[in-house]
file model19.txt (compact mmCIF, C-alpha atoms (C1' of nucleotides))
# COMPACT_ATOMS: atom_id res chain seq x y z
CA MET A 1135 79.57 -13.33 -29.63
CA LYS A 1136 80.36 -10.30 -31.64
CA ARG A 1137 80.97 -7.27 -29.57
CA LYS A 1138 81.09 -3.88 -31.08
CA ARG A 1139 84.26 -2.38 -29.82
CA LYS A 1140 84.25 1.18 -28.67
CA THR A 1141 87.55 1.68 -30.39
CA ASP A 1142 85.57 2.01 -33.58
CA LYS A 1143 84.58 5.50 -32.61
CA LYS A 1144 87.83 6.91 -31.40
CA LEU A 1145 89.07 10.12 -32.89
CA VAL A 1146 92.02 12.29 -32.04
CA VAL A 1147 91.63 15.95 -32.92
CA ILE A 1148 94.53 18.34 -33.19
CA VAL A 1149 93.74 22.04 -33.12
CA GLY A 1150 95.63 25.29 -32.86
CA PRO A 1151 96.36 28.47 -34.78
CA THR A 1152 98.07 28.47 -38.17
CA ALA A 1153 101.76 27.88 -38.13
CA SER A 1154 101.65 26.27 -34.71
CA GLY A 1155 103.04 22.99 -35.97
CA LYS A 1156 99.86 20.93 -36.04
CA THR A 1157 100.68 19.07 -39.20
CA GLY A 1158 104.11 18.04 -38.03
CA LEU A 1159 102.76 16.73 -34.78
CA ALA A 1160 99.88 14.95 -36.45
CA VAL A 1161 102.23 13.07 -38.73
CA LYS A 1162 104.45 11.99 -35.88
CA LEU A 1163 101.53 10.82 -33.81
CA ALA A 1164 99.86 9.09 -36.70
CA LYS A 1165 103.04 7.22 -37.39
CA LYS A 1166 103.40 6.15 -33.81
CA PHE A 1167 99.81 5.15 -33.26
CA LYS A 1168 98.93 3.67 -36.63
CA GLY A 1169 96.83 6.51 -37.76
CA GLU A 1170 95.92 8.64 -40.69
CA VAL A 1171 95.76 12.40 -40.91
CA VAL A 1172 92.50 14.05 -41.93
CA CYS A 1173 92.46 17.64 -43.09
CA ALA A 1174 90.29 19.95 -41.00
CA ASP A 1175 91.32 23.10 -42.72
CA SER A 1176 89.04 25.16 -44.90
CA ARG A 1177 91.83 26.11 -47.29
CA GLN A 1178 94.17 23.16 -47.36
CA ILE A 1179 91.27 21.23 -48.74
CA TYR A 1180 91.58 23.02 -52.08
CA SER A 1181 93.70 21.69 -54.88
CA GLY A 1182 96.57 23.68 -56.26
CA MET A 1183 96.83 25.94 -53.24
CA LYS A 1184 99.87 24.18 -51.96
CA ILE A 1185 102.33 26.85 -51.01
CA GLY A 1186 99.93 29.48 -49.77
CA THR A 1187 98.03 27.18 -47.45
CA ALA A 1188 101.08 25.18 -46.45
CA GLN A 1189 99.72 21.84 -47.49
CA PRO A 1190 102.01 19.06 -46.38
CA ASP A 1191 104.23 17.83 -49.19
CA LYS A 1192 105.33 14.31 -49.85
CA ARG A 1193 108.31 14.55 -47.57
CA GLU A 1194 106.30 15.95 -44.70
CA LYS A 1195 103.67 13.29 -45.02
CA ALA A 1196 106.38 10.75 -44.31
CA GLY A 1197 104.49 7.75 -45.53
CA VAL A 1198 101.43 8.45 -43.44
CA PRO A 1199 98.17 8.52 -45.38
CA HIS A 1200 96.67 11.99 -45.63
CA ARG A 1201 93.01 12.49 -46.41
CA LEU A 1202 91.01 15.38 -47.76
CA PHE A 1203 93.99 17.56 -48.58
CA GLY A 1204 93.82 19.30 -51.94
CA ILE A 1205 90.69 17.58 -53.16
CA ILE A 1206 88.38 20.45 -54.07
CA PRO A 1207 89.12 22.74 -57.02
CA PRO A 1208 89.21 26.33 -55.79
CA LYS A 1209 86.49 27.37 -58.18
CA LYS A 1210 83.90 25.29 -56.45
CA VAL A 1211 81.56 26.61 -53.82
CA PHE A 1212 82.35 24.60 -50.77
CA SER A 1213 80.86 24.71 -47.32
CA ALA A 1214 81.12 23.54 -43.76
CA ALA A 1215 78.23 21.17 -44.26
CA ALA A 1216 79.77 19.64 -47.35
CA TYR A 1217 83.00 19.24 -45.49
CA GLN A 1218 81.24 17.65 -42.56
CA LYS A 1219 79.79 14.96 -44.77
CA MET A 1220 83.13 14.13 -46.29
CA ALA A 1221 84.98 14.23 -43.01
CA LEU A 1222 82.45 12.01 -41.28
CA LYS A 1223 82.78 9.46 -43.99
CA THR A 1224 86.55 9.63 -44.02
CA VAL A 1225 86.91 9.32 -40.28
CA LYS A 1226 84.59 6.34 -40.16
CA ASP A 1227 86.44 4.77 -42.98
CA ILE A 1228 89.74 5.02 -41.13
CA GLN A 1229 88.17 3.67 -37.99
CA LYS A 1230 86.83 0.73 -39.91
CA GLN A 1231 90.35 -0.17 -40.88
CA GLY A 1232 91.20 -0.29 -37.21
CA LYS A 1233 93.30 2.81 -37.49
CA MET A 1234 93.20 6.05 -35.61
CA PRO A 1235 92.03 9.16 -37.40
CA PHE A 1236 93.87 12.38 -36.56
CA LEU A 1237 91.57 15.21 -37.48
CA THR A 1238 93.98 18.07 -37.86
CA GLY A 1239 93.39 21.69 -38.71
CA GLY A 1240 92.58 25.20 -37.65
CA SER A 1241 89.09 25.71 -38.99
CA ALA A 1242 86.83 25.58 -35.98
CA PHE A 1243 83.70 25.84 -38.05
CA TYR A 1244 84.77 22.72 -39.89
CA ILE A 1245 85.94 20.79 -36.85
CA TYR A 1246 83.10 21.26 -34.42
CA PRO A 1247 80.32 20.13 -36.73
CA VAL A 1248 82.25 16.90 -37.17
CA ILE A 1249 83.13 16.16 -33.58
CA GLU A 1250 79.91 17.44 -32.09
CA GLY A 1251 77.65 16.16 -34.81
CA TRP A 1252 75.89 19.37 -35.74
CA GLN A 1253 72.75 18.88 -37.77
CA PHE A 1254 72.89 21.67 -40.30
CA PRO A 1255 69.61 22.70 -41.88
CA LYS A 1256 69.58 21.12 -45.30
CA SER A 1257 69.35 24.23 -47.34
CA LYS A 1258 71.86 24.77 -50.07
CA ALA A 1259 73.06 28.13 -51.22
CA ASP A 1260 70.68 29.84 -53.60
CA PRO A 1261 72.76 32.26 -55.66
CA VAL A 1262 69.79 33.92 -57.30
CA LEU A 1263 68.04 34.65 -54.04
CA ARG A 1264 71.27 35.76 -52.44
CA LYS A 1265 71.92 38.23 -55.16
CA LYS A 1266 68.50 39.71 -54.69
CA LEU A 1267 68.90 39.93 -50.93
CA GLU A 1268 72.33 41.42 -51.31
CA SER A 1269 70.86 44.64 -52.65
CA MET A 1270 68.66 45.12 -49.61
CA SER A 1271 69.53 47.12 -46.53
CA LEU A 1272 70.37 45.55 -43.20
CA ALA A 1273 67.18 46.87 -41.67
CA ARG A 1274 65.08 45.49 -44.50
CA LEU A 1275 66.68 42.07 -44.25
CA PHE A 1276 66.19 42.02 -40.54
CA GLN A 1277 62.53 42.88 -40.92
CA MET A 1278 62.17 40.14 -43.43
CA LEU A 1279 63.73 37.62 -41.12
CA ARG A 1280 61.62 38.74 -38.21
CA GLY A 1281 58.57 38.23 -40.35
CA LEU A 1282 59.65 34.70 -41.10
CA ASP A 1283 61.18 33.62 -37.82
CA LYS A 1284 60.90 35.82 -34.78
CA LYS A 1285 63.04 33.63 -32.64
CA ARG A 1286 66.00 33.56 -34.98
CA ALA A 1287 65.68 37.30 -35.45
CA GLU A 1288 66.08 37.79 -31.74
CA ASN A 1289 69.54 36.40 -31.49
CA ILE A 1290 71.00 36.99 -34.91
CA ASP A 1291 73.69 39.59 -35.44
CA LYS A 1292 71.63 42.39 -36.97
CA LYS A 1293 74.61 44.02 -38.59
CA ASN A 1294 76.03 41.00 -40.28
CA LYS A 1295 74.58 41.01 -43.75
CA ARG A 1296 75.98 37.69 -44.76
CA ARG A 1297 74.37 35.97 -41.80
CA LEU A 1298 71.13 37.80 -42.30
CA ILE A 1299 70.98 36.69 -45.90
CA ARG A 1300 71.73 33.11 -45.01
CA ALA A 1301 69.09 33.11 -42.28
CA VAL A 1302 66.50 34.47 -44.66
CA GLU A 1303 67.53 31.89 -47.20
CA ILE A 1304 66.92 29.09 -44.73
CA ALA A 1305 63.75 30.58 -43.33
CA LYS A 1306 62.27 30.97 -46.78
CA ARG A 1307 62.79 27.33 -47.38
CA PHE A 1308 61.57 25.91 -44.08
CA GLY A 1309 59.32 28.67 -42.88
CA LYS A 1310 61.80 29.25 -40.06
CA VAL A 1311 65.40 28.64 -39.15
CA PRO A 1312 65.52 25.28 -37.45
CA GLU A 1313 67.56 25.25 -34.31
CA ILE A 1314 70.72 23.31 -34.72
CA THR A 1315 70.93 20.05 -32.83
CA LYS A 1316 74.09 18.25 -31.92
CA LYS A 1317 74.53 14.52 -32.03
CA PRO A 1318 78.11 13.54 -31.31
CA VAL A 1319 79.10 10.28 -32.90
CA PHE A 1320 82.73 9.98 -31.88
CA ASP A 1321 84.75 9.70 -28.74
CA CYS A 1322 87.23 12.49 -29.09
CA LEU A 1323 90.50 13.36 -27.58
CA ILE A 1324 91.22 16.97 -28.41
CA LEU A 1325 94.80 18.11 -28.36
CA GLY A 1326 95.79 21.73 -28.78
CA ILE A 1327 98.99 23.49 -29.67
CA ASP A 1328 99.49 27.11 -28.75
CA PRO A 1329 103.02 28.40 -29.06
CA GLY A 1330 102.03 31.72 -27.51
CA LYS A 1331 101.81 35.10 -29.10
CA ASP A 1332 105.46 35.97 -29.53
CA GLU A 1333 106.61 32.57 -30.70
CA LEU A 1334 103.69 32.33 -33.10
CA LYS A 1335 104.52 35.69 -34.56
CA LYS A 1336 108.05 34.54 -35.25
CA ARG A 1337 106.84 31.34 -36.81
CA ILE A 1338 104.41 33.20 -39.03
CA GLU A 1339 107.11 35.56 -40.20
CA LYS A 1340 109.38 32.70 -41.06
CA ARG A 1341 106.64 30.79 -42.72
CA THR A 1342 105.61 33.75 -44.86
CA GLU A 1343 109.16 34.28 -45.96
CA ARG A 1344 109.42 30.62 -46.86
CA MET A 1345 106.22 30.72 -48.89
CA LEU A 1346 107.43 33.58 -51.00
CA LYS A 1347 110.73 31.88 -51.52
CA GLN A 1348 108.99 28.72 -52.59
CA GLY A 1349 107.22 30.62 -55.32
CA LEU A 1350 103.91 31.72 -53.89
CA GLU A 1351 103.53 34.40 -56.53
CA LYS A 1352 103.94 31.89 -59.28
CA GLU A 1353 101.39 29.62 -57.68
CA VAL A 1354 98.90 32.46 -57.41
CA LYS A 1355 99.41 33.42 -61.02
CA SER A 1356 98.91 29.94 -62.34
CA LEU A 1357 95.78 29.46 -60.25
CA VAL A 1358 94.34 32.74 -61.45
CA LYS A 1359 95.17 31.85 -64.98
CA LYS A 1360 93.33 28.60 -64.57
CA TYR A 1361 90.31 29.70 -62.56
CA GLY A 1362 90.27 33.50 -62.49
CA TRP A 1363 89.86 35.37 -59.22
CA THR A 1364 87.41 33.02 -57.59
CA ASP A 1365 85.88 33.74 -54.20
CA VAL A 1366 88.15 31.19 -52.64
CA LEU A 1367 91.26 32.87 -53.98
CA LYS A 1368 90.03 36.32 -53.06
CA ASN A 1369 89.30 35.14 -49.54
CA THR A 1370 92.49 33.38 -48.76
CA ILE A 1371 95.47 34.93 -47.04
CA GLY A 1372 98.50 34.67 -49.25
CA TYR A 1373 96.43 34.90 -52.42
CA ALA A 1374 94.15 37.85 -51.76
CA GLU A 1375 97.16 40.12 -51.40
CA PHE A 1376 97.83 39.70 -55.11
CA ALA A 1377 94.36 40.58 -56.29
CA GLN A 1378 95.13 44.23 -57.11
CA GLY A 1379 98.66 43.53 -58.17
CA PRO A 1380 101.03 42.49 -55.40
CA ALA A 1381 100.27 44.47 -52.25
CA PHE A 1382 103.03 46.43 -50.64
CA PRO A 1383 104.87 45.55 -48.49
CA LEU A 1384 103.83 42.10 -49.53
CA GLN A 1385 105.57 39.87 -47.06
CA GLU A 1386 104.70 42.04 -44.08
CA LEU A 1387 101.07 42.23 -45.09
CA ILE A 1388 100.67 38.52 -45.53
CA ALA A 1389 102.30 37.92 -42.18
CA LEU A 1390 100.07 40.51 -40.54
CA HIS A 1391 96.91 39.02 -41.97
CA THR A 1392 98.03 35.60 -40.86
CA GLU A 1393 98.62 36.82 -37.33
CA GLN A 1394 95.20 38.42 -37.19
CA PHE A 1395 93.66 35.24 -38.44
CA ALA A 1396 95.48 33.21 -35.83
CA LYS A 1397 94.00 35.39 -33.11
CA ARG A 1398 90.52 34.77 -34.45
CA GLN A 1399 91.14 31.05 -34.51
CA MET A 1400 92.13 31.12 -30.89
CA VAL A 1401 88.86 32.72 -29.87
CA TRP A 1402 87.17 29.41 -30.55
CA PHE A 1403 89.75 27.19 -28.98
CA LYS A 1404 90.37 29.28 -25.87
CA LYS A 1405 86.90 28.67 -24.58
CA ASP A 1406 86.83 24.93 -25.26
CA LYS A 1407 87.63 23.31 -21.95
CA ARG A 1408 87.95 19.89 -23.50
CA ILE A 1409 91.17 20.77 -25.24
CA HIS A 1410 94.35 19.40 -23.74
CA TRP A 1411 96.92 22.09 -24.39
CA LEU A 1412 100.20 20.35 -25.02
CA LYS A 1413 103.51 21.32 -23.54
CA ASN A 1414 105.43 18.76 -25.57
CA GLN A 1415 104.98 15.72 -27.72
CA LYS A 1416 105.53 13.32 -24.87
CA GLN A 1417 102.43 14.62 -23.26
CA ALA A 1418 100.52 13.86 -26.41
CA ASN A 1419 101.86 10.33 -26.44
CA THR A 1420 100.76 9.75 -22.88
CA LEU A 1421 97.34 11.17 -23.47
CA ILE A 1422 96.76 9.09 -26.55
CA LYS A 1423 97.96 5.95 -24.87
CA LYS A 1424 95.57 6.49 -22.04
CA PHE A 1425 92.82 7.36 -24.45
CA THR A 1426 93.25 4.21 -26.48
CA GLU A 1427 93.58 1.98 -23.45
CA ILE A 1428 90.34 3.13 -21.95
CA PHE A 1429 88.48 2.35 -25.08
CA SER A 1430 90.05 -0.95 -25.86
CA LEU A 1431 88.98 -2.43 -22.57
C1' G B 1266 121.32 82.23 -44.77
C1' G B 1267 116.44 83.02 -47.79
C1' G B 1268 111.63 80.90 -49.31
C1' U B 1269 107.54 77.60 -49.05
C1' A B 1270 104.71 73.74 -46.79
C1' G B 1271 104.04 71.50 -42.36
C1' G B 1272 104.13 69.76 -36.89
C1' U B 1273 97.01 66.62 -34.12
C1' G B 1274 95.91 60.49 -30.16
C1' C B 1275 100.25 53.97 -31.19
C1' C B 1276 100.37 55.22 -36.87
C1' G B 1277 98.11 57.59 -41.26
C1' G B 1278 95.02 61.59 -41.65
C1' A B 1279 90.35 65.19 -40.89
C1' G B 1280 89.19 69.42 -38.19
C1' U B 1281 90.77 75.63 -38.96
C1' G B 1282 87.18 80.31 -32.71
C1' G B 1283 82.44 77.32 -29.09
C1' U B 1284 78.20 71.50 -29.91
C1' C B 1285 86.17 68.47 -29.77
C1' A B 1286 88.71 63.69 -25.88
C1' A B 1287 88.71 65.51 -31.23
C1' U B 1288 85.22 62.63 -38.14
C1' C B 1289 87.52 58.52 -40.64
C1' G B 1290 91.16 54.58 -41.83
C1' G B 1291 94.90 51.32 -39.89
C1' A B 1292 97.14 48.88 -35.72
C1' C B 1293 95.92 46.87 -30.98
C1' A B 1294 92.44 44.42 -27.28
C1' A B 1295 88.17 41.61 -26.26
C1' G B 1296 84.26 38.93 -28.45
C1' A B 1297 80.29 36.70 -31.84
C1' C B 1298 79.78 32.61 -35.06
C1' U B 1299 73.04 27.67 -37.96
C1' G B 1300 75.81 25.35 -45.70
C1' U B 1301 81.21 31.89 -48.09
C1' A B 1302 84.36 30.59 -41.81
C1' A B 1303 91.97 32.06 -43.82
C1' A B 1304 85.11 34.46 -44.64
C1' U B 1305 81.67 37.81 -42.21
C1' C B 1306 80.41 40.74 -38.07
C1' U B 1307 80.38 43.43 -32.96
C1' U B 1308 82.37 46.23 -28.97
C1' G B 1309 86.45 48.93 -26.76
C1' C B 1310 90.70 51.90 -27.72
C1' G B 1311 94.09 59.54 -23.26
C1' C B 1312 93.65 58.96 -17.63
C1' C B 1313 90.20 58.54 -13.44
C1' U B 1314 85.04 57.62 -12.20
C1' U B 1315 80.09 56.24 -7.01
C1' C B 1316 78.90 56.39 -14.74
C1' G B 1317 76.33 62.22 -13.15
C1' G B 1318 80.98 63.58 -14.36
C1' G B 1319 86.15 64.96 -13.35
C1' C B 1320 91.20 65.64 -15.16
C1' U B 1321 95.18 66.07 -18.85
C1' A B 1322 95.61 66.86 -24.08
C1' C B 1323 96.28 68.85 -30.79
C1' G B 1324 105.40 70.59 -31.14
C1' G B 1325 107.31 74.22 -26.50
C1' G B 1326 106.37 78.97 -24.20
C1' G B 1327 103.60 83.46 -24.06
C1' G B 1328 99.28 86.39 -25.63
C1' U B 1329 94.14 87.81 -27.61
C1' U B 1330 89.13 86.08 -26.21
C1' C B 1331 83.60 84.80 -22.01
C1' G B 1332 85.79 80.59 -24.84
C1' A B 1333 91.55 78.34 -28.89
C1' A B 1334 93.64 72.22 -31.91
C1' U B 1335 91.69 76.45 -34.53
C1' C B 1336 93.71 83.81 -34.18
C1' C B 1337 98.59 86.68 -32.83
C1' C B 1338 103.92 86.61 -31.05
C1' U B 1339 108.12 83.76 -30.20
C1' C B 1340 111.12 79.49 -29.93
C1' C B 1341 112.13 74.38 -31.47
C1' C B 1342 111.65 70.57 -35.18
C1' U B 1343 110.61 68.24 -40.25
C1' A B 1344 110.19 68.22 -45.74
C1' C B 1345 111.07 70.47 -50.29
C1' C B 1346 113.05 74.65 -53.10
C1' C B 1347 116.66 78.82 -53.70
C1' A B 1348 121.58 80.19 -51.92
call {"tool": "encode", "arguments": {"input": "model19.txt", "output": "structure tokens"}}
result
Amino acid sequence: MKRKRKTDKKLVVIVGPTASGKTGLAVKLAKKFKGEVVCADSRQIYSGMKIGTAQPDKREKAGVPHRLFGIIPPKKVFSAAAYQKMALKTVKDIQKQGKMPFLTGGSAFYIYPVIEGWQFPKSKADPVLRKKLESMSLARLFQMLRGLDKKRAENIDKKNKRRLIRAVEIAKRFGKVPEITKKPVFDCLILGIDPGKDELKKRIEKRTERMLKQGLEKEVKSLVKKYGWTDVLKNTIGYAEFAQGPAFPLQELIALHTEQFAKRQMVWFKKDKRIHWLKNQKQANTLIKKFTEIFSL
RNA sequence: GGGUAGGUGCCGGAGUGGUCAAUCGGACAAGACUGUAAAUCUUGCGCCUUCGGGCUACGGGGGUUCGAAUCCCUCCCUACCCA
């Protein structure tokens, strides 16, 4: 009798702020537990942005398969929903091989849709409509949304134009903004790394210095030459700082922006009670062992 | 030594007799998050508060005035210029 093993749905997730050492840990764990690393980072997913997003290089990957890193050209409009589709497929694929996926990254809005199975409304970006809406005032957009979907209007952030526009975009399509439903498909073990404020600051400083030494400026230039200042480039720390000619003081600014970003990342993770905050790697080993045992019964 | 410009909250920088605890940026803190998420957005940011208000504040001291960050005197400090 064929029995569908629960192990098929196991997924280890590794979260934490930038520069916390997620990638390093993921590789070690993947090696130990026969796994593969899956990118859950909204910027490491782009191709060519190696230095500035700290994509793992060949040496760091240490023979462990890495998925979804550097696969989207930075000129393309990408999205959480598009990522979700790819990640779902990738994770399942790894599971099918009897291996353990290690979903690793710092982009909460990419991670949660995958592990919680968010059902995004199927409404792609409409650049023409967006451009039109962009010229309207906040109040006008809000009115418009209220006319279309009173309920969504009640809890939307009235001052966030981008959200307002998106909501209108969806509502125009469906007559309203469908409430998002969540259908989790995996059994997840969520591990978190948080070095703490001071340590993280030090790590970020070091990391920024390293990036510049590795030739970040050159990387930026070649990307811009190839694609121009795309939205992705303009919206990525380490690249944006070059948009008006190198900002000054460059290294300090990049480090500062990275720190601020790290704080924002932690807002998501702090409130997630499912996360096991790690003190050391041993703890991770133990947790994973236990996690795999339970499900292979 | 002489001249000029200045000294404002953690920082930059408005204000130039009342409506100023002081516009606005930045930093910092907390938070939101429905296909841009390393994005976008919100709130707080002198101290105390029974949330009515109270107290201390615009280099120091003194004065004018009903009332001063704003006017006068004096002292200290900073930048630049002339010696």
call {"tool": "closest_atom_pairs", "arguments": {"input": "model19.txt", "of": "chain A", "to": "chain B", "cutoff": "10 Å", "atoms": "only C-alpha atoms (C1' of nucleotides)", "output": "CSV"}}
result
residue,atom,partner,partner_atom,distance
A:Thr1152,CA,B:A1303,C1',9.1
A:Asp1175,CA,B:A1303,C1',9.1
A:Ser1176,CA,B:A1303,C1',7.6
A:Arg1177,CA,B:A1303,C1',6.9
A:Gln1178,CA,B:A1303,C1',9.8
A:Thr1187,CA,B:A1303,C1',8.6
A:Val1211,CA,B:U1301,C1',7.8
A:Phe1212,CA,B:U1301,C1',7.9
A:Ser1213,CA,B:G1300,C1',5.3
A:Ala1214,CA,B:G1300,C1',5.9
A:Ala1215,CA,B:G1300,C1',5.0
A:Ala1216,CA,B:G1300,C1',7.1
A:Tyr1217,CA,B:G1300,C1',9.4
A:Gln1218,CA,B:G1300,C1',9.9
A:Gly1240,CA,B:A1303,C1',9.2
A:Ser1241,CA,B:A1302,C1',7.4
A:Ala1242,CA,B:A1302,C1',8.1
A:Phe1243,CA,B:A1302,C1',6.1
A:Tyr1244,CA,B:A1302,C1',8.1
A:Trp1252,CA,B:U1299,C1',9.1
A:Gln1253,CA,B:U1299,C1',8.8
A:Phe1254,CA,B:U1299,C1',6.4
A:Pro1255,CA,B:U1299,C1',7.2
A:Lys1256,CA,B:G1300,C1',7.5
A:Ser1257,CA,B:G1300,C1',6.8
A:Lys1258,CA,B:G1300,C1',5.9
A:Ala1259,CA,B:G1300,C1',6.8
A:Arg1286,CA,B:U1299,C1',9.7
A:Ile1290,CA,B:A1297,C1',9.8
A:Asp1291,CA,B:C1306,C1',7.3
A:Lys1292,CA,B:C1306,C1',9.0
A:Lys1293,CA,B:C1306,C1',6.7
A:Asn1294,CA,B:C1306,C1',4.9
A:Lys1295,CA,B:U1305,C1',7.9
A:Arg1296,CA,B:U1305,C1',6.2
A:Arg1297,CA,B:U1305,C1',7.5
A:Arg1300,CA,B:G1300,C1',8.8
A:Ala1301,CA,B:U1299,C1',8.0
A:Ile1304,CA,B:U1299,C1',9.2
A:Val1311,CA,B:U1299,C1',7.8
A:Pro1312,CA,B:U1299,C1',7.9
A:Glu1313,CA,B:U1299,C1',7.0
A:Ile1314,CA,B:U1299,C1',5.9
A:Thr1315,CA,B:U1299,C1',9.4
A:Asp1365,CA,B:U1301,C1',7.9
A:Val1366,CA,B:U1301,C1',8.3
A:Lys1368,CA,B:A1304,C1',9.9
A:Asn1369,CA,B:A1304,C1',6.5
A:Thr1370,CA,B:A1303,C1',5.1
A:Ile1371,CA,B:A1303,C1',5.6
A:Gly1372,CA,B:A1303,C1',8.9
A:His1391,CA,B:A1303,C1',8.7
A:Thr1392,CA,B:A1303,C1',7.6
A:Gln1394,CA,B:A1303,C1',9.7
A:Phe1395,CA,B:A1303,C1',6.5
A:Ala1396,CA,B:A1303,C1',8.8
A:Arg1398,CA,B:G1296,C1',9.6
A:Gln1399,CA,B:A1303,C1',9.4
A:Val1401,CA,B:G1296,C1',7.9
A:Trp1402,CA,B:C1298,C1',9.2
call {"tool": "residues_around", "arguments": {"input": "model19.txt", "residues": "region 1279-1291 of chain B", "least_positions_apart": "5", "cutoff": "8 Å", "atoms": "only C-alpha atoms (C1' of nucleotides)", "output": "ChimeraX atom specification"}}
result
/B:1311,1322,1332-1333,1335-1336
call {"tool": "atom_distance", "arguments": {"input": "model19.txt", "atom1": "CA of His1410 (chain A)", "atom2": "CA of Thr1342 (chain A)"}}
result
27.9 Å
call {"tool": "closest_residue", "arguments": {"input": "model19.txt", "among": "A:Ile1148, A:Leu1159, A:Ala1377, A:Ala1305", "to": "Leu1357 (chain A)", "atoms": "only C-alpha atoms"}}
result
A:Ala1377
call {"tool": "residues_around", "arguments": {"input": "model19.txt", "residues": "Gly1379 (chain A)", "least_positions_apart": "5", "cutoff": "12 Å", "atoms": "only C-alpha atoms (C1' of nucleotides)", "output": "list in words"}}
result
Glu1351, Val1354, Lys1355, Tyr1373, Ala1374 and Leu1384 of chain A
call {"tool": "residues_near_point", "arguments": {"input": "model19.txt", "point": "(61.1, 39.8, -47.0)", "cutoff": "10 Å", "atoms": "only C-alpha atoms (C1' of nucleotides)", "output": "compact mmCIF listing (two decimals) with C-alpha atoms, in the coordinates of the input"}}
result
# COMPACT_ATOMS: atom_id res chain seq x y z
CA LEU A 1267 68.90 39.93 -50.93
CA MET A 1270 68.66 45.12 -49.61
CA ARG A 1274 65.08 45.49 -44.50
CA LEU A 1275 66.68 42.07 -44.25
CA PHE A 1276 66.19 42.02 -40.54
CA GLN A 1277 62.53 42.88 -40.92
CA MET A 1278 62.17 40.14 -43.43
CA LEU A 1279 63.73 37.62 -41.12
CA ARG A 1280 61.62 38.74 -38.21
CA GLY A 1281 58.57 38.23 -40.35
CA LEU A 1282 59.65 34.70 -41.10
CA VAL A 1302 66.50 34.47 -44.66
CA LYS A 1306 62.27 30.97 -46.78
call {"tool": "atom_distance", "arguments": {"input": "model19.txt", "atom1": "CA of Ala1381 (chain A)", "atom2": "CA of Ser1181 (chain A)"}}
result
23.9 Å
call {"tool": "residues_around", "arguments": {"input": "model19.txt", "residues": "region 1163-1172 of chain A", "least_positions_apart": "5", "cutoff": "10 Å", "atoms": "all atoms listed in the file", "output": "ChimeraX atom specification"}}
result
/A:1145-1148,1157-1158,1179,1195-1203,1221,1224-1225,1228-1229,1231-1239,1415,1418-1419,1422-1423,1426
call {"tool": "build_atoms", "arguments": {"input": "model19.txt", "residues": "region 1400-1411 of chain A", "atoms": "N, CA and C atoms", "output": "JSON list (two decimals), keeping the file's coordinate frame"}}
result
[["chain", "number", "residue", "atom", "x", "y", "z"],
["A", 1400, "MET", "N", 92.00, 31.41, -32.31],
["A", 1400, "MET", "CA", 92.13, 31.12, -30.89],
["A", 1400, "MET", "C", 90.90, 31.47, -30.07],
["A", 1401, "VAL", "N", 90.08, 32.38, -30.58],
["A", 1401, "VAL", "CA", 88.86, 32.72, -29.87],
["A", 1401, "VAL", "C", 88.00, 31.47, -29.66],
["A", 1402, "TRP", "N", 87.95, 30.65, -30.67],
["A", 1402, "TRP", "CA", 87.17, 29.41, -30.55],
["A", 1402, "TRP", "C", 87.81, 28.45, -29.56],
["A", 1403, "PHE", "N", 89.09, 28.25, -29.75],
["A", 1403, "PHE", "CA", 89.75, 27.19, -28.98],
["A", 1403, "PHE", "C", 89.94, 27.56, -27.52],
["A", 1404, "LYS", "N", 90.14, 28.85, -27.24],
["A", 1404, "LYS", "CA", 90.37, 29.28, -25.87],
["A", 1404, "LYS", "C", 89.24, 28.87, -24.94],
["A", 1405, "LYS", "N", 88.04, 28.91, -25.47],
["A", 1405, "LYS", "CA", 86.90, 28.67, -24.58],
["A", 1405, "LYS", "C", 86.50, 27.20, -24.52],
["A", 1406, "ASP", "N", 87.17, 26.36, -25.28],
["A", 1406, "ASP", "CA", 86.83, 24.93, -25.26],
["A", 1406, "ASP", "C", 87.63, 24.22, -24.18],
["A", 1407, "LYS", "N", 86.95, 23.90, -23.11],
["A", 1407, "LYS", "CA", 87.63, 23.31, -21.95],
["A", 1407, "LYS", "C", 88.07, 21.87, -22.18],
["A", 1408, "ARG", "N", 87.58, 21.28, -23.24],
["A", 1408, "ARG", "CA", 87.95, 19.89, -23.50],
["A", 1408, "ARG", "C", 89.35, 19.75, -24.07],
["A", 1409, "ILE", "N", 89.86, 20.83, -24.58],
["A", 1409, "ILE", "CA", 91.17, 20.77, -25.24],
["A", 1409, "ILE", "C", 92.29, 20.55, -24.23],
["A", 1410, "HIS", "N", 93.14, 19.59, -24.54],
["A", 1410, "HIS", "CA", 94.35, 19.40, -23.74],
["A", 1410, "HIS", "C", 95.47, 20.18, -24.40],
["A", 1411, "TRP", "N", 95.85, 21.27, -23.80],
["A", 1411, "TRP", "CA", 96.92, 22.09, -24.39],
["A", 1411, "TRP", "C", 98.26, 21.44, -24.11]]
